[in-house]
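Chemist: Here you go, my_file_28.txt (compact mmCIF, C-alpha atoms):
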# COMPACT_ATOMS: atom_id res chain seq x y z
CA MET A 13 69.46 52.49 -21.58
CA SER A 14 72.58 50.65 -20.35
CA TRP A 15 72.80 48.83 -17.01
CA ASP A 16 75.46 49.76 -14.42
CA TRP A 17 76.24 46.30 -13.05
CA ASP A 18 78.78 47.47 -10.53
CA LYS A 19 76.35 49.95 -9.03
CA LEU A 20 73.58 47.27 -8.88
CA LYS A 21 75.85 44.84 -6.95
CA GLN A 22 76.71 47.58 -4.48
CA GLN A 23 73.00 48.28 -3.86
CA GLN A 24 72.28 44.58 -3.23
CA GLN A 25 75.15 44.30 -0.77
CA SER A 26 74.02 47.48 1.01
CA ARG A 27 70.50 45.95 1.49
CA GLY A 28 71.91 42.74 2.95
CA GLY A 29 70.88 40.69 -0.06
CA GLY A 30 73.35 38.38 -1.70
CA ALA A 31 73.45 35.27 -3.80
CA PRO A 32 71.29 32.38 -2.52
CA PRO A 33 73.12 29.59 -0.69
CA GLN A 34 74.36 26.74 -2.84
CA MET A 35 73.59 23.03 -2.28
CA ASP A 36 77.06 22.33 -1.02
CA GLU A 37 76.72 24.95 1.68
CA ILE A 38 73.39 23.43 2.83
CA LEU A 39 74.91 19.96 3.11
CA ASP A 40 77.83 21.31 5.07
CA ARG A 41 75.47 22.96 7.55
CA PHE A 42 73.54 19.67 8.07
CA LYS A 43 76.76 17.80 8.67
CA LYS A 44 77.71 20.28 11.33
CA PHE A 45 74.25 20.00 13.02
CA LYS A 46 74.08 17.27 15.70
CA VAL A 47 71.03 16.00 17.60
CA PRO A 48 71.44 14.97 21.26
CA GLY A 49 71.11 11.19 21.46
CA GLY A 50 71.72 10.83 17.77
CA PRO A 51 70.69 7.41 16.33
CA LEU A 52 68.56 6.51 19.37
CA VAL A 53 66.15 9.36 18.75
CA ILE A 54 65.85 8.40 15.11
CA VAL A 55 65.08 4.79 16.04
CA VAL A 56 62.40 5.90 18.55
CA ILE A 57 60.76 8.14 15.96
CA ALA A 58 60.77 5.31 13.43
CA ILE A 59 59.17 2.93 15.96
CA ILE A 60 56.44 5.45 16.76
CA MET A 61 55.68 5.97 13.08
CA ILE A 62 55.52 2.24 12.43
CA ALA A 63 53.24 1.63 15.45
CA ALA A 64 50.96 4.51 14.47
CA THR A 65 50.53 3.09 10.96
CA THR A 66 50.29 -0.56 12.03
CA PHE A 67 47.40 -0.69 14.53
CA PHE A 68 43.91 0.69 13.91
CA THR A 69 40.53 0.47 15.59
CA VAL A 70 37.22 -0.34 13.92
CA LYS A 71 34.03 0.88 15.66
CA GLN A 72 31.16 -1.40 16.60
CA ASP A 73 28.95 -0.40 13.67
CA GLU A 74 31.77 -0.41 11.10
CA VAL A 75 33.98 -2.81 9.16
CA GLY A 76 37.43 -2.11 7.80
CA ILE A 77 38.27 -2.82 4.16
CA VAL A 78 42.04 -3.46 3.91
CA GLN A 79 43.88 -2.83 0.64
CA ARG A 80 47.50 -3.77 -0.04
CA PHE A 81 48.99 -1.50 -2.67
CA GLY A 82 45.42 -0.75 -3.78
CA ARG A 83 44.26 -4.36 -3.99
CA TYR A 84 41.59 -5.74 -1.64
CA VAL A 85 42.98 -8.37 0.75
CA ARG A 86 40.56 -8.74 3.69
CA THR A 87 37.76 -7.27 5.80
CA SER A 88 38.50 -6.33 9.42
CA GLN A 89 35.83 -6.72 12.06
CA PRO A 90 35.12 -4.26 14.92
CA GLY A 91 37.89 -3.93 17.49
CA LEU A 92 41.68 -3.50 17.44
CA ASN A 93 43.24 -4.73 14.20
CA PHE A 94 46.68 -4.95 12.59
CA LYS A 95 47.92 -3.98 9.13
CA LEU A 96 51.23 -3.56 7.37
CA PRO A 97 52.69 -0.11 8.14
CA ILE A 98 53.96 2.88 6.22
CA GLY A 99 51.38 2.86 3.43
CA ILE A 100 51.79 -0.77 2.44
CA GLU A 101 48.21 -1.50 3.49
CA LYS A 102 45.39 1.05 3.55
CA VAL A 103 42.18 0.79 5.60
CA THR A 104 38.78 2.21 4.53
CA LYS A 105 36.14 2.12 7.25
CA VAL A 106 32.53 1.60 6.14
CA ASN A 107 29.53 2.05 8.43
CA VAL A 108 27.23 -0.92 7.77
CA LYS A 109 24.52 -0.03 10.30
CA GLN A 110 23.91 3.62 9.51
CA ILE A 111 20.58 4.31 7.79
CA ARG A 112 21.16 6.73 4.94
CA THR A 113 18.37 8.78 3.40
CA GLU A 114 17.67 10.14 -0.06
CA GLU A 115 14.72 12.47 -0.65
CA PHE A 116 12.94 12.95 -3.98
CA GLY A 117 10.57 15.74 -4.88
CA PHE A 118 11.13 17.84 -1.75
CA THR A 119 13.82 18.92 0.69
CA SER A 120 13.22 18.52 4.41
CA THR A 121 14.86 20.54 7.16
CA ARG A 122 16.02 17.47 9.08
CA THR A 123 18.61 16.43 6.54
CA GLU A 124 20.81 18.06 3.96
CA ARG A 125 21.48 14.84 2.06
CA SER A 126 18.59 15.07 -0.34
CA ARG A 127 18.03 14.35 -3.97
CA PHE A 128 18.96 17.94 -4.76
CA ALA A 129 21.89 18.38 -2.37
CA ASP A 130 24.25 16.54 -4.73
CA SER A 131 26.55 18.97 -6.51
CA ARG A 132 26.22 16.92 -9.68
CA SER A 133 22.44 16.85 -9.52
CA ARG A 134 20.57 18.20 -12.49
CA PHE A 135 17.93 19.74 -10.24
CA GLN A 136 18.91 22.67 -8.12
CA SER A 137 16.22 25.37 -8.13
CA GLY A 138 12.84 25.15 -6.42
CA SER A 139 10.91 24.75 -9.66
CA GLU A 140 13.25 22.00 -10.81
CA ASN A 141 12.91 20.42 -7.38
CA ILE A 142 9.19 20.06 -7.92
CA SER A 143 9.68 18.78 -11.47
CA VAL A 144 11.31 15.57 -10.18
CA ALA A 145 8.04 14.59 -8.52
CA LEU A 146 5.98 15.26 -11.66
CA MET A 147 4.97 11.87 -13.06
CA LEU A 148 2.57 10.66 -15.71
CA THR A 149 0.06 8.12 -14.40
CA GLY A 150 -1.47 5.25 -16.29
CA ASP A 151 -4.67 7.22 -17.07
CA LEU A 152 -2.60 10.09 -18.59
CA ASN A 153 -2.84 12.41 -15.60
CA VAL A 154 0.04 14.32 -14.02
CA ALA A 155 0.73 13.77 -10.31
CA LEU A 156 3.20 15.15 -7.77
CA VAL A 157 4.76 12.07 -6.14
CA PRO A 158 7.42 12.86 -3.50
CA TRP A 159 9.10 9.97 -1.69
CA ILE A 160 12.00 9.00 0.58
CA VAL A 161 14.43 6.09 0.17
CA GLN A 162 16.25 4.79 3.26
CA TYR A 163 19.11 2.34 2.78
CA ARG A 164 22.25 0.93 4.38
CA VAL A 165 25.42 -0.81 3.22
CA LYS A 166 25.14 -4.62 3.25
CA ASN A 167 28.24 -5.54 1.21
CA PRO A 168 31.17 -3.15 1.81
CA TYR A 169 33.31 -4.72 -0.93
CA ASP A 170 30.67 -4.16 -3.63
CA TYR A 171 29.87 -0.74 -2.20
CA LEU A 172 33.49 0.43 -2.56
CA PHE A 173 34.80 -1.39 -5.63
CA ARG A 174 31.99 -2.61 -7.89
CA VAL A 175 30.43 0.75 -8.76
CA ARG A 176 32.12 4.10 -9.23
CA ASP A 177 29.28 6.21 -7.75
CA VAL A 178 26.78 4.15 -5.78
CA ARG A 179 24.73 7.12 -4.65
CA ARG A 180 24.26 8.35 -8.21
CA ILE A 181 23.05 4.91 -9.33
CA LEU A 182 20.68 4.73 -6.35
CA ILE A 183 19.22 8.13 -7.21
CA ASP A 184 18.74 7.36 -10.89
CA MET A 185 17.32 3.88 -10.30
CA SER A 186 14.96 5.14 -7.59
CA GLU A 187 13.54 7.76 -9.93
CA ALA A 188 13.20 5.29 -12.81
CA THR A 189 11.56 2.67 -10.59
CA MET A 190 9.04 5.10 -9.13
CA ARG A 191 8.07 6.36 -12.58
CA LEU A 192 7.63 2.76 -13.72
CA VAL A 193 5.33 1.87 -10.81
CA VAL A 194 3.31 5.09 -10.99
CA GLY A 195 2.94 4.77 -14.75
CA ASP A 196 0.99 1.53 -14.31
CA ARG A 197 -1.66 3.06 -12.02
CA SER A 198 -4.44 5.62 -12.25
CA ILE A 199 -4.30 8.97 -10.49
CA ASN A 200 -6.79 7.81 -7.85
CA GLU A 201 -4.71 4.73 -7.08
CA VAL A 202 -1.55 6.83 -6.81
CA ILE A 203 -3.26 9.09 -4.26
CA SER A 204 -5.07 6.43 -2.23
CA LYS A 205 -2.69 3.41 -2.41
CA ARG A 206 0.65 4.91 -1.41
CA ASP A 207 1.65 2.03 0.86
CA GLU A 208 1.05 -0.51 -1.90
CA ILE A 209 3.09 1.57 -4.36
CA ALA A 210 5.94 1.91 -1.85
CA VAL A 211 6.14 -1.86 -1.32
CA GLU A 212 6.11 -2.57 -5.05
CA ALA A 213 8.73 0.11 -5.75
CA LYS A 214 10.97 -1.25 -2.99
CA GLY A 215 10.94 -4.72 -4.54
CA PHE A 216 11.76 -3.44 -8.03
CA LEU A 217 14.49 -1.11 -6.79
CA GLN A 218 16.20 -3.76 -4.64
CA LYS A 219 16.23 -6.17 -7.59
CA GLU A 220 17.87 -3.59 -9.86
CA LEU A 221 20.46 -2.63 -7.23
CA ASP A 222 21.37 -6.27 -6.64
CA GLN A 223 21.87 -6.81 -10.36
CA ALA A 224 24.14 -3.75 -10.47
CA GLN A 225 26.13 -5.11 -7.48
CA THR A 226 25.89 -1.85 -5.55
CA GLY A 227 26.18 -3.57 -2.17
CA ILE A 228 23.32 -1.62 -0.55
CA HIS A 229 20.06 -2.77 0.99
CA ILE A 230 16.83 -0.77 0.76
CA VAL A 231 15.39 -0.48 4.26
CA THR A 232 12.17 1.27 3.30
CA ILE A 233 10.53 3.55 0.76
CA GLU A 234 8.16 6.11 2.28
CA MET A 235 5.60 7.83 0.07
CA LYS A 236 4.78 11.39 1.03
CA ARG A 237 1.48 13.17 0.36
CA THR A 238 0.63 12.73 -3.31
CA ASN A 239 -1.28 15.44 -5.11
CA VAL A 240 -1.71 17.10 -8.48
CA PRO A 241 0.07 20.28 -9.66
CA ASP A 242 -1.39 23.56 -8.43
CA PRO A 243 -2.50 24.82 -11.89
CA VAL A 244 -4.76 21.81 -12.39
CA GLN A 245 -5.90 21.45 -8.78
CA PRO A 246 -9.30 23.21 -9.29
CA SER A 247 -10.10 21.09 -12.33
CA PHE A 248 -9.01 17.96 -10.52
CA ASN A 249 -11.29 18.84 -7.58
CA GLU A 250 -14.21 19.29 -9.96
CA VAL A 251 -13.51 15.94 -11.57
CA ASN A 252 -13.33 14.28 -8.15
CA GLN A 253 -16.58 15.90 -7.11
CA ALA A 254 -18.29 14.74 -10.29
CA THR A 255 -16.89 11.26 -9.79
CA GLN A 256 -18.15 11.18 -6.21
CA GLU A 257 -21.59 12.34 -7.29
CA LYS A 258 -21.61 9.67 -9.98
CA GLU A 259 -20.65 6.98 -7.50
CA GLN A 260 -23.22 8.26 -5.01
CA THR A 261 -25.94 8.09 -7.69
CA ILE A 262 -24.87 4.58 -8.64
CA TYR A 263 -24.89 3.48 -5.00
CA GLN A 264 -28.34 5.02 -4.48
CA ALA A 265 -29.67 3.27 -7.58
CA ARG A 266 -28.20 -0.02 -6.42
CA GLU A 267 -29.76 0.49 -3.01
CA ASP A 268 -33.19 1.15 -4.55
CA TYR A 269 -32.67 -1.83 -6.84
CA ASN A 270 -31.78 -4.06 -3.91
CA LYS A 271 -34.91 -2.91 -2.11
CA ALA A 272 -37.40 -3.08 -4.99
CA ILE A 273 -36.29 -6.22 -6.81
CA PRO A 274 -36.26 -8.56 -3.79
CA ALA A 275 -39.64 -7.17 -2.68
CA ALA A 276 -41.12 -7.73 -6.16
CA ARG A 277 -39.59 -11.18 -6.31
CA GLY A 278 -41.02 -12.01 -2.89
CA GLU A 279 -44.48 -10.75 -3.86
CA ALA A 280 -44.36 -12.72 -7.08
CA GLU A 281 -43.25 -15.81 -5.21
CA ARG A 282 -46.04 -15.35 -2.67
CA THR A 283 -48.65 -14.94 -5.41
CA ILE A 284 -47.39 -18.03 -7.20
CA LYS A 285 -47.44 -20.07 -4.00
CA ALA A 286 -50.96 -18.82 -3.19
CA ALA A 287 -52.17 -19.74 -6.67
CA GLU A 288 -50.56 -23.14 -6.42
CA GLY A 289 -52.17 -23.66 -3.02
CA TYR A 290 -55.59 -22.55 -4.32
CA ALA A 291 -55.27 -24.82 -7.33
CA LEU A 292 -54.25 -27.75 -5.15
CA ASN A 293 -57.18 -27.08 -2.81
CA ARG A 294 -59.67 -26.93 -5.64
CA VAL A 295 -58.33 -30.11 -7.19
CA ASN A 296 -58.36 -31.95 -3.88
CA ARG A 297 -61.88 -30.74 -3.10
CA ALA A 298 -63.07 -31.77 -6.52
CA LYS A 299 -61.48 -35.16 -6.10
CA GLY A 300 -63.07 -35.48 -2.65
CA ASP A 301 -66.51 -34.44 -3.93
CA ALA A 302 -66.23 -36.88 -6.81
CA ALA A 303 -65.20 -39.67 -4.46
CA ARG A 304 -68.04 -38.81 -2.07
CA PHE A 305 -70.56 -38.69 -4.91
CA THR A 306 -69.31 -42.01 -6.20
CA SER A 307 -69.64 -43.62 -2.77
CA ILE A 308 -73.16 -42.17 -2.31
CA TYR A 309 -74.17 -43.37 -5.74
CA GLN A 310 -72.93 -46.85 -4.95
CA GLU A 311 -75.03 -46.90 -1.77
CA TYR A 312 -78.00 -45.45 -3.64
CA VAL A 313 -77.82 -48.27 -6.15
CA LYS A 314 -77.85 -50.83 -3.34
CA ALA A 315 -80.77 -49.27 -1.36
CA LYS A 316 -82.55 -46.47 -3.20
CA ASP A 317 -85.33 -45.65 -0.69
CA VAL A 318 -83.12 -45.67 2.39
CA THR A 319 -80.40 -43.72 0.71
CA LYS A 320 -82.83 -41.21 -0.72
CA ARG A 321 -84.45 -40.62 2.66
CA ARG A 322 -81.04 -40.30 4.36
CA MET A 323 -79.94 -37.76 1.79
CA TYR A 324 -83.17 -35.80 2.31
CA LEU A 325 -82.74 -35.75 6.06
CA GLU A 326 -79.07 -34.71 5.83
CA THR A 327 -80.04 -31.89 3.44
CA MET A 328 -82.77 -30.63 5.74
CA ARG A 329 -80.39 -30.81 8.68
CA THR A 330 -78.06 -28.52 6.81
CA LEU A 331 -80.77 -26.07 5.67
CA PHE A 332 -82.86 -25.74 8.83
CA PRO A 333 -80.25 -23.89 10.92
CA LYS A 334 -80.07 -21.25 8.22
CA LEU A 335 -83.85 -20.50 8.23
CA GLY A 336 -84.03 -18.90 11.71
CA PRO A 337 -86.98 -19.50 14.17
CA LYS A 338 -89.48 -22.07 12.86
CA TYR A 339 -93.13 -22.86 13.79
CA ILE A 340 -94.87 -25.91 12.38
CA VAL A 341 -98.66 -25.90 12.50
CA ASP A 342 -100.86 -28.92 11.75
CA ALA A 343 -102.93 -28.12 8.63
CA GLU A 344 -106.00 -30.01 9.96
CA GLN A 345 -106.26 -27.89 13.09
CA LYS A 346 -108.68 -24.94 13.16
CA ASN A 347 -106.84 -22.83 15.72
CA ILE A 348 -103.25 -22.03 16.53
CA LEU A 349 -102.88 -24.71 19.16
CA PRO A 350 -101.39 -27.23 19.24
CA LEU A 351 -98.02 -26.18 17.62
CA LEU A 352 -94.49 -27.50 17.55
CA ASN A 353 -91.96 -25.10 19.02
CA MET A 354 -88.58 -26.05 17.53
CA THR A 355 -86.51 -23.54 19.56
CA ASN A 356 -85.10 -23.87 23.02
CA GLN A 357 -85.66 -21.48 25.85
CA SER A 358 -82.96 -19.09 24.66
CA GLY A 359 -84.51 -18.84 21.21
CA THR A 360 -81.95 -21.02 19.46
CA GLU A 361 -82.61 -24.16 17.53
CA LYS A 362 -82.76 -27.44 19.35
Before anything else, please render the file you have as structure tokens.

Modeler:
Amino acid sequence: MSWDWDKLKQQQQSRGGGAPPQMDEILDRFKKFKVPGGPLVIVVIAIIMIAATTFFTVKQDEVGIVQRFGRYVRTSQPGLNFKLPIGIEKVTKVNVKQIRTEEFGFTSTRTERSRFADSRSRFQSGSENISVALMLTGDLNVALVPWIVQYRVKNPYDYLFRVRDVRRILIDMSEATMRLVVGDRSINEVISKRDEIAVEAKGFLQKELDQAQTGIHIVTIEMKRTNVPDPVQPSFNEVNQATQEKEQTIYQAREDYNKAIPAARGEAERTIKAAEGYALNRVNRAKGDAARFTSIYQEYVKAKDVTKRRMYLETMRTLFPKLGPKYIVDAEQKNILPLLNMTNQSGTEK
């Protein structure tokens, strides 16, 4: 099929279409166009552009990082500041008082900046969300350990220029640090000592971030409710119940021990003291009797008749009160009278 070029040109002309304007024609049109005021308007526009790119304001909770052709030159403090215009110097404002939050193991409704909100995060689905909190404890148990990291920028220069992706490093180091701390503790310690774990993890994480020169400061690490995965929850409850019963039995045995042993020791001590006292009494009495016998014997040797009579009278004085009422009758008398009544009016011995 052959083209009819003459007919095609006629159709284009009839539709109002023609050849596009050439560069020379465009320049001629600009030369013919004149702006009222001419050079003055151009100067005013240039001044406005220079002023707009020269002055900038830094908010109270921010600092301005100034770069000249991409190279850091200074840090601007809050207030009105000056820089070289028209792209010579660039200002990046960094909020150094804002508390930023990263969440691990769960996603709260109060913030969208969570561990799983990052587009480059490896964990996106709900099941993968939970898997971040799955950690192996020191006693080879699996625990669900969700936590929150709150931080702020303390060194804007390091925050912007030392590390390519500060948030990614914070996320990875936080996860590694928490697994390190949890891996050194038992499941019961992980559940009951969350505050202690949070303090230890904060110290480790801050040390690692400082070594990496991230320029951020960890404000706090908050441990959420720690538990075990749902599939093993019934078994874990049974183990806890058995452990509690074991501890209760041990405590009861210790209580009985603390009651019985001191009582037995006290009884034994009392018996020993009583025996020692009895032995001391017997020895002292024996010594006293021996000393008394010796003294009596010495007197008996000196005066046998007197001592013998005195001993007889002392013996009778001891025996008579034990015999009860006594009547002494003279053997030479033929009747009952006279007699010796050795009791008083009340019937007792004189």

Chemist: Which polymer residues, protein or nucleic acid, are no farther than 10 Å from (29.4, -5.4, 2.0), counting only C-alpha atoms, as a list in words?

Modeler: Val75, Ile77, Thr87, Val106, Asn107, Val108, Arg164, Val165, Lys166, Asn167, Pro168, Tyr169, Asp170, Tyr171, Leu172, Thr226, Gly227, Ile228 and His229 of chain A

Chemist: Near Met185 (chain A), within 8 Å and counting all atoms listed in the file, which residues show up once chain neighbours fewer than 3 positions away are dropped, as number ranges by chain?

Modeler: A: 181-182, 188-189, 217, 220-221

Chemist: For a test of reading the model, state the distance in Å between CA of Asp184 (chain A) and CA of Met235 (chain A), rounded to one decimal.

Modeler: 17.1 Å

Chemist: One number please: CA of Arg294 (chain A) to CA of Thr330 (chain A), in Å, one decimal.

Modeler: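 Rounded to one decimal, the two atoms are 22.3 Å apart.
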
Chemist: What does the structure give for the distance between CA of Glu267 (chain A) and CA of Asn252 (chain A), in Å to one decimal?

Modeler: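 Taking CA of Glu267 (chain A) and CA of Asn252 (chain A), their separation equals 22.1 Å.
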
Chemist: For Ser143 (chain A), which residue among A:Asp196, A:Lys258, A:Arg277, A:Pro241 is the nearest when counting all atoms listed in the file?

Modeler: A:Pro241

Chemist: Just the residues within 12 Å of Arg86 (chain A), please, counting all atoms listed in the file, with nothing from its chain fewer than 5 positions along; format it as a ChimeraX atom specification.

Modeler: /A:75-80,93-95,101-104,168-169

Chemist: For each of A:Asn296, A:Thr238, A:Thr69, A:Thr261, take the minimum atom-to-atom distance to Ile209 (chain A), counting all atoms listed in the file, then give the residue where this is smallest.

Modeler: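 When distances to Ile209 (chain A) are compared using all atoms listed in the file, the smallest one comes from A:Thr238.
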
Chemist: For Phe248 (chain A), which of A:Ser88, A:Gln72, A:Asn153, A:Thr65 is the closest residue, counting all atoms listed in the file?

Modeler: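 For Phe248 (chain A), the nearest of the given residues is A:Asn153.
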
Chemist: Give the answer as one residue: which of A:Ser186, A:Lys236, A:Lys219, A:Ala286 has the shortest atom-to-atom distance to Arg206 (chain A), using all atoms listed in the file?

Modeler: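 So, comparing all the options, the nearest one is A:Lys236.
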
Chemist: Return the single residue from A:Arg112, A:Lys214, A:Arg174, A:Met328 that is closest to Glu187 (chain A), with distances computed using all atoms listed in the file.

Modeler: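 So, comparing all the options, the nearest one is A:Lys214.
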
Chemist: Could the centre and edge lengths of an axis-aligned box, enclosing all atoms of region 319-325 of chain A in the file with 4 Å extra on each side, be given in Å to one decimal as AutoDock Vina command-line options?

Modeler:
--center_x -82.2 --center_y -39.7 --center_z 2.7 --size_x 12.5 --size_y 16.0 --size_z 14.8

Chemist: Have a look at A:Val161, A:Val202, A:Val318, A:Val178 and name the one nearest to Leu148 (chain A); count only C-alpha atoms.

Modeler: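 Smallest separation from Leu148 (chain A) among the options: A:Val202.
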